[in-house]
Each structure stands twice: as C-alpha cells, then as structure tokens.
Amino acid sequence: ASQSALTYLLKAIERRPTDASLWSQVLILKYFLRQYDAQFINALKYMVVYDPWKPFMQQTVVNIGLATWYQLPKTVPPIVIDTIERGLQIQPKVIEEAIQKHRRKWVVCVHAGDKPKLAQLCQMTN
C-alpha cells in the first residue's frame with residue numbers, strides 16, 4: 001500500500017513538479033518507510049525550493065531533517081539549518097520545540113555561523 005501511494009505521488013509530481021505539498025507527502029512517506037534515498041533528499045530539497053516560508057513545510061523539513069540528521073548526506077544539513085533560521089523568524093516556539101524534541105541543539109548550533117536568529121537561540125541556556 002505504501003509503495004502504491006508513493007507511485008501515485010510521483011505520478012502527481014510529474015504533472016505538478018513545483019507543488020511543495022506533493023513533495024512533503026513524498027518526504028513523510030519515505031520517512032515512515034525509512035527510505036533515506038535520493039527521492040527522500042529531493043523531496044526535502046524541493047519543499048524548501050518551492051515553498052520555503054509556509055509554516056507546515058518548515059515544520060516538516062525541520063522535524064524530519066532533525067530526526068534523520070545522522071542518516072543524511074553532508075549536502076542536506078545546510079538545507080535543514082536554513083529552514084530552521086527561516087522558521088525562527090515566523091514560528092520560533094515551534095522550531096525551538098522541534099530542536100529540543102529531537103535533542104539536536106548542539107549539532108544545530110555548530111552550524112549557526114552567520115545566521116542571527118539561530119545564533120541568538122544558541123546563546124540561550126537550556
């Protein structure tokens with residue numbers, strides 16, 4: 001059933017390749033299937049490319065990105081970090097809770113660099 005759903009979603013994406021909500025469904029399904037492959041990574045990337053400011057998209061990228069942090073290739077964490085920075089601008093409490101829930105504050109803060117909202121979060125204790 002899951003593979004059928006994935007096939008259906010990929011066919012829908014062929015018709016509407018810039019639909020971030022379709023990409024989010026692919027990402028969620030791949031996450032539940034524990035398939036952290038090229039389709040998973042592309043879904044993560046395209047969600048951010050096509051709808052970077054939508055709160056649901058940010059929450060999905062941040063939660064799944066942090067949950068799979070150690071399974072991701074090195075090209076993906078910057079996408080998650082940039083999404084965290086954007087998310088801290090419009091939904092800071094939700095993003096902070098996601099970081100806390102996944103216990104990733106220290107790995108996230110390593111990447112704070114020139115991101116003011118993230119640097120500010122990382123200076124806070126807890």
# chains A, B, ... in the order shown; residues from 1 in each chain; ligands from 1

$ residues_around --residues "segment 87-93 of chain A" --least-positions-apart "5" --cutoff "8 Å" --atoms "only C-alpha atoms" --output "PyMOL selection string"
chain A and resi 53+55+58-59+117-118

$ write_last_selection --atoms "all heavy atoms" --output "PDB file, in the first residue's frame"
ATOM      1  N   TRP A  53       8.607  29.398   2.976  1.00  0.00           N
ATOM      2  CA  TRP A  53       8.076  30.191   4.081  1.00  0.00           C
ATOM      3  C   TRP A  53       6.793  29.635   4.679  1.00  0.00           C
ATOM      4  O   TRP A  53       6.287  30.145   5.665  1.00  0.00           O
ATOM      5  CB  TRP A  53       7.861  31.642   3.638  1.00  0.00           C
ATOM      6  CG  TRP A  53       9.168  32.329   3.464  1.00  0.00           C
ATOM      7  CD1 TRP A  53       9.852  32.528   2.296  1.00  0.00           C
ATOM      8  CD2 TRP A  53      10.004  32.857   4.490  1.00  0.00           C
ATOM      9  NE1 TRP A  53      11.042  33.146   2.534  1.00  0.00           N
ATOM     10  CE2 TRP A  53      11.174  33.380   3.880  1.00  0.00           C
ATOM     11  CE3 TRP A  53       9.887  32.943   5.870  1.00  0.00           C
ATOM     12  CZ2 TRP A  53      12.191  33.974   4.602  1.00  0.00           C
ATOM     13  CZ3 TRP A  53      10.909  33.548   6.594  1.00  0.00           C
ATOM     14  CH2 TRP A  53      12.042  34.060   5.950  1.00  0.00           C
ATOM     15  N   PRO A  55       4.585  27.635   7.010  1.00  0.00           N
ATOM     16  CA  PRO A  55       4.868  27.031   8.309  1.00  0.00           C
ATOM     17  C   PRO A  55       4.859  25.495   8.295  1.00  0.00           C
ATOM     18  O   PRO A  55       5.747  24.873   8.875  1.00  0.00           O
ATOM     19  CB  PRO A  55       3.777  27.588   9.220  1.00  0.00           C
ATOM     20  CG  PRO A  55       3.481  28.931   8.622  1.00  0.00           C
ATOM     21  CD  PRO A  55       3.577  28.704   7.128  1.00  0.00           C
ATOM     22  N   GLN A  58       8.032  24.196   6.748  1.00  0.00           N
ATOM     23  CA  GLN A  58       9.168  24.372   7.659  1.00  0.00           C
ATOM     24  C   GLN A  58       9.152  23.312   8.758  1.00  0.00           C
ATOM     25  O   GLN A  58      10.177  22.688   9.037  1.00  0.00           O
ATOM     26  CB  GLN A  58       9.131  25.764   8.292  1.00  0.00           C
ATOM     27  CG  GLN A  58       9.425  26.873   7.320  1.00  0.00           C
ATOM     28  CD  GLN A  58       9.263  28.242   7.948  1.00  0.00           C
ATOM     29  OE1 GLN A  58       8.787  28.386   9.074  1.00  0.00           O
ATOM     30  NE2 GLN A  58       9.664  29.265   7.222  1.00  0.00           N
ATOM     31  N   GLN A  59       7.988  23.105   9.356  1.00  0.00           N
ATOM     32  CA  GLN A  59       7.880  22.124  10.436  1.00  0.00           C
ATOM     33  C   GLN A  59       8.251  20.721   9.942  1.00  0.00           C
ATOM     34  O   GLN A  59       8.939  19.976  10.640  1.00  0.00           O
ATOM     35  CB  GLN A  59       6.467  22.116  11.005  1.00  0.00           C
ATOM     36  CG  GLN A  59       6.116  23.380  11.750  1.00  0.00           C
ATOM     37  CD  GLN A  59       4.632  23.456  12.078  1.00  0.00           C
ATOM     38  OE1 GLN A  59       3.982  22.446  12.289  1.00  0.00           O
ATOM     39  NE2 GLN A  59       4.096  24.661  12.102  1.00  0.00           N
ATOM     40  N   LYS A 117      19.283  34.646  13.922  1.00  0.00           N
ATOM     41  CA  LYS A 117      18.238  34.056  14.765  1.00  0.00           C
ATOM     42  C   LYS A 117      18.732  32.768  15.428  1.00  0.00           C
ATOM     43  O   LYS A 117      18.463  32.513  16.591  1.00  0.00           O
ATOM     44  CB  LYS A 117      16.979  33.754  13.951  1.00  0.00           C
ATOM     45  CG  LYS A 117      16.240  34.983  13.498  1.00  0.00           C
ATOM     46  CD  LYS A 117      15.492  35.593  14.658  1.00  0.00           C
ATOM     47  CE  LYS A 117      14.639  36.761  14.201  1.00  0.00           C
ATOM     48  NZ  LYS A 117      14.042  37.480  15.306  1.00  0.00           N
ATOM     49  N   LEU A 118      19.459  31.988  14.667  1.00  0.00           N
ATOM     50  CA  LEU A 118      19.994  30.735  15.200  1.00  0.00           C
ATOM     51  C   LEU A 118      21.081  31.000  16.241  1.00  0.00           C
ATOM     52  O   LEU A 118      21.108  30.365  17.292  1.00  0.00           O
ATOM     53  CB  LEU A 118      20.528  29.853  14.060  1.00  0.00           C
ATOM     54  CG  LEU A 118      20.877  28.422  14.395  1.00  0.00           C
ATOM     55  CD1 LEU A 118      19.756  27.715  15.129  1.00  0.00           C
ATOM     56  CD2 LEU A 118      21.234  27.671  13.134  1.00  0.00           C
TER      57      LEU A 118
END

$ select_by_dssp --residues "chain A" --states "helix (DSSP H, G or I)" --output "MDAnalysis selection string"
chainID A and resid 2:15 20:33 38:50 55:67 69:71 77:90 92:101 105:110 116:123

$ atom_distance --atom1 "atom CA of Phe32 of chain A" --atom2 "atom CA of Cys109 of chain A"
26.8 Å

$ residues_around --residues "Asn42 of chain A" --least-positions-apart "6" --cutoff "12 Å" --atoms "only C-alpha atoms" --output "PyMOL selection string"
chain A and resi 10+13+17+20+22-24+26-27+30+36+48-50+61+72-73+75-76+79

$ residues_around --residues "Ala67 of chain A" --least-positions-apart "5" --cutoff "10 Å" --atoms "only C-alpha atoms" --output "ChimeraX atom specification"
/A:31,61-62,72,98-99,101-104

$ write_last_selection --atoms "C-alpha atoms" --output "PDB file, in the first residue's frame"
ATOM      1  CA  TYR A  31      10.461   8.882   6.317  1.00  0.00           C
ATOM      2  CA  VAL A  61      11.599  19.803   6.957  1.00  0.00           C
ATOM      3  CA  VAL A  62      12.849  20.638  10.456  1.00  0.00           C
ATOM      4  CA  LEU A  72      21.645  12.416   5.796  1.00  0.00           C
ATOM      5  CA  ALA A  98      11.389  20.630  17.433  1.00  0.00           C
ATOM      6  CA  ILE A  99      15.089  21.150  18.157  1.00  0.00           C
ATOM      7  CA  LYS A 101      12.309  17.246  20.986  1.00  0.00           C
ATOM      8  CA  HIS A 102      14.969  15.735  18.726  1.00  0.00           C
ATOM      9  CA  ARG A 103      17.791  16.695  21.121  1.00  0.00           C
ATOM     10  CA  ARG A 104      19.771  18.348  18.337  1.00  0.00           C
TER      11      ARG A 104
END

$ closest_residue --among "A:Thr18, A:Gln120, A:Ser4, A:Gln35" --to "Met47 of chain A" --atoms "only C-alpha atoms"
A:Thr18

$ atom_distance --atom1 "atom CA of Asp82 of chain A" --atom2 "atom CA of Pro52 of chain A"
9.5 Å

$ decode --residues "segment 82-123 of chain A" --atoms "N, CA and C atoms" --output "mmCIF file, in the first residue's frame"
data_model
loop_
_atom_site.group_PDB
_atom_site.id
_atom_site.type_symbol
_atom_site.label_atom_id
_atom_site.label_comp_id
_atom_site.auth_asym_id
_atom_site.auth_seq_id
_atom_site.Cartn_x
_atom_site.Cartn_y
_atom_site.Cartn_z
ATOM 1 N N ASP A 82 19.110 26.165 7.215
ATOM 2 C CA ASP A 82 18.493 27.354 6.610
ATOM 3 C C ASP A 82 16.994 27.399 6.908
ATOM 4 N N THR A 83 16.356 26.238 6.898
ATOM 5 C CA THR A 83 14.922 26.176 7.208
ATOM 6 C C THR A 83 14.679 26.523 8.674
ATOM 7 N N ILE A 84 15.556 26.071 9.555
ATOM 8 C CA ILE A 84 15.447 26.435 10.974
ATOM 9 C C ILE A 84 15.560 27.951 11.120
ATOM 10 N N GLU A 85 16.513 28.548 10.438
ATOM 11 C CA GLU A 85 16.694 30.006 10.519
ATOM 12 C C GLU A 85 15.432 30.738 10.047
ATOM 13 N N ARG A 86 14.863 30.308 8.917
ATOM 14 C CA ARG A 86 13.619 30.918 8.433
ATOM 15 C C ARG A 86 12.489 30.700 9.433
ATOM 16 N N GLY A 87 12.400 29.473 9.944
ATOM 17 C CA GLY A 87 11.336 29.142 10.885
ATOM 18 C C GLY A 87 11.400 29.941 12.169
ATOM 19 N N LEU A 88 12.619 30.228 12.630
ATOM 20 C CA LEU A 88 12.772 31.030 13.852
ATOM 21 C C LEU A 88 12.240 32.448 13.659
ATOM 22 N N GLN A 89 12.113 32.893 12.422
ATOM 23 C CA GLN A 89 11.589 34.233 12.153
ATOM 24 C C GLN A 89 10.068 34.291 12.250
ATOM 25 N N ILE A 90 9.388 33.207 11.887
ATOM 26 C CA ILE A 90 7.924 33.264 11.861
ATOM 27 C C ILE A 90 7.227 32.339 12.860
ATOM 28 N N GLN A 91 7.922 31.326 13.345
ATOM 29 C CA GLN A 91 7.317 30.415 14.330
ATOM 30 C C GLN A 91 8.391 29.890 15.288
ATOM 31 N N PRO A 92 9.026 30.824 16.027
ATOM 32 C CA PRO A 92 10.172 30.442 16.864
ATOM 33 C C PRO A 92 9.861 29.353 17.888
ATOM 34 N N LYS A 93 8.714 29.435 18.541
ATOM 35 C CA LYS A 93 8.389 28.452 19.582
ATOM 36 C C LYS A 93 8.309 27.042 18.992
ATOM 37 N N VAL A 94 7.665 26.893 17.861
ATOM 38 C CA VAL A 94 7.503 25.584 17.219
ATOM 39 C C VAL A 94 8.865 25.017 16.804
ATOM 40 N N ILE A 95 9.718 25.861 16.249
ATOM 41 C CA ILE A 95 11.040 25.418 15.790
ATOM 42 C C ILE A 95 11.918 25.054 16.986
ATOM 43 N N GLU A 96 11.893 25.884 18.018
ATOM 44 C CA GLU A 96 12.674 25.585 19.226
ATOM 45 C C GLU A 96 12.226 24.264 19.854
ATOM 46 N N GLU A 97 10.913 24.027 19.872
ATOM 47 C CA GLU A 97 10.392 22.776 20.426
ATOM 48 C C GLU A 97 10.860 21.577 19.602
ATOM 49 N N ALA A 98 10.925 21.728 18.291
ATOM 50 C CA ALA A 98 11.389 20.630 17.433
ATOM 51 C C ALA A 98 12.856 20.315 17.723
ATOM 52 N N ILE A 99 13.663 21.352 17.861
ATOM 53 C CA ILE A 99 15.089 21.150 18.157
ATOM 54 C C ILE A 99 15.232 20.437 19.497
ATOM 55 N N GLN A 100 14.453 20.863 20.483
ATOM 56 C CA GLN A 100 14.503 20.256 21.813
ATOM 57 C C GLN A 100 13.998 18.807 21.764
ATOM 58 N N LYS A 101 12.903 18.588 21.064
ATOM 59 C CA LYS A 101 12.309 17.246 20.986
ATOM 60 C C LYS A 101 13.299 16.223 20.400
ATOM 61 N N HIS A 102 14.022 16.641 19.383
ATOM 62 C CA HIS A 102 14.969 15.735 18.726
ATOM 63 C C HIS A 102 16.355 15.760 19.371
ATOM 64 N N ARG A 103 16.507 16.590 20.403
ATOM 65 C CA ARG A 103 17.791 16.695 21.121
ATOM 66 C C ARG A 103 18.947 16.979 20.164
ATOM 67 N N ARG A 104 18.765 18.019 19.353
ATOM 68 C CA ARG A 104 19.771 18.348 18.337
ATOM 69 C C ARG A 104 20.342 19.757 18.498
ATOM 70 N N LYS A 105 20.117 20.381 19.655
ATOM 71 C CA LYS A 105 20.565 21.767 19.805
ATOM 72 C C LYS A 105 22.062 21.907 19.537
ATOM 73 N N TRP A 106 22.863 21.038 20.081
ATOM 74 C CA TRP A 106 24.312 21.205 19.913
ATOM 75 C C TRP A 106 24.731 21.014 18.461
ATOM 76 N N VAL A 107 24.149 20.051 17.735
ATOM 77 C CA VAL A 107 24.543 19.881 16.323
ATOM 78 C C VAL A 107 24.022 21.029 15.463
ATOM 79 N N VAL A 108 22.859 21.556 15.833
ATOM 80 C CA VAL A 108 22.314 22.703 15.114
ATOM 81 C C VAL A 108 23.180 23.937 15.368
ATOM 82 N N CYS A 109 23.569 24.148 16.612
ATOM 83 C CA CYS A 109 24.338 25.337 16.971
ATOM 84 C C CYS A 109 25.742 25.346 16.362
ATOM 85 N N VAL A 110 26.275 24.182 16.079
ATOM 86 C CA VAL A 110 27.570 24.105 15.396
ATOM 87 C C VAL A 110 27.490 24.821 14.040
ATOM 88 N N HIS A 111 26.296 24.826 13.459
ATOM 89 C CA HIS A 111 26.092 25.414 12.126
ATOM 90 C C HIS A 111 25.532 26.842 12.174
ATOM 91 N N ALA A 112 25.466 27.451 13.348
ATOM 92 C CA ALA A 112 24.842 28.778 13.475
ATOM 93 C C ALA A 112 25.514 29.829 12.597
ATOM 94 N N GLY A 113 26.833 29.861 12.612
ATOM 95 C CA GLY A 113 27.590 30.759 11.741
ATOM 96 C C GLY A 113 27.029 32.155 11.658
ATOM 97 N N ASP A 114 26.646 32.564 10.442
ATOM 98 C CA ASP A 114 26.182 33.930 10.185
ATOM 99 C C ASP A 114 24.656 34.040 10.228
ATOM 100 N N LYS A 115 24.011 33.140 10.921
ATOM 101 C CA LYS A 115 22.552 33.146 10.996
ATOM 102 C C LYS A 115 22.129 33.761 12.330
ATOM 103 N N PRO A 116 21.705 35.021 12.313
ATOM 104 C CA PRO A 116 21.450 35.752 13.560
ATOM 105 C C PRO A 116 20.403 35.118 14.475
ATOM 106 N N LYS A 117 19.283 34.646 13.922
ATOM 107 C CA LYS A 117 18.238 34.056 14.765
ATOM 108 C C LYS A 117 18.732 32.768 15.428
ATOM 109 N N LEU A 118 19.459 31.988 14.667
ATOM 110 C CA LEU A 118 19.994 30.735 15.200
ATOM 111 C C LEU A 118 21.081 31.000 16.241
ATOM 112 N N ALA A 119 21.935 31.962 15.953
ATOM 113 C CA ALA A 119 22.987 32.333 16.915
ATOM 114 C C ALA A 119 22.354 32.804 18.228
ATOM 115 N N GLN A 120 21.284 33.568 18.107
ATOM 116 C CA GLN A 120 20.569 34.064 19.298
ATOM 117 C C GLN A 120 20.000 32.884 20.092
ATOM 118 N N LEU A 121 19.407 31.919 19.408
ATOM 119 C CA LEU A 121 18.861 30.730 20.067
ATOM 120 C C LEU A 121 19.972 29.962 20.770
ATOM 121 N N CYS A 122 21.115 29.851 20.117
ATOM 122 C CA CYS A 122 22.220 29.059 20.653
ATOM 123 C C CYS A 122 22.892 29.723 21.854
ATOM 124 N N GLN A 123 22.727 31.024 21.997
ATOM 125 C CA GLN A 123 23.297 31.733 23.161
ATOM 126 C C GLN A 123 22.442 31.529 24.400
#
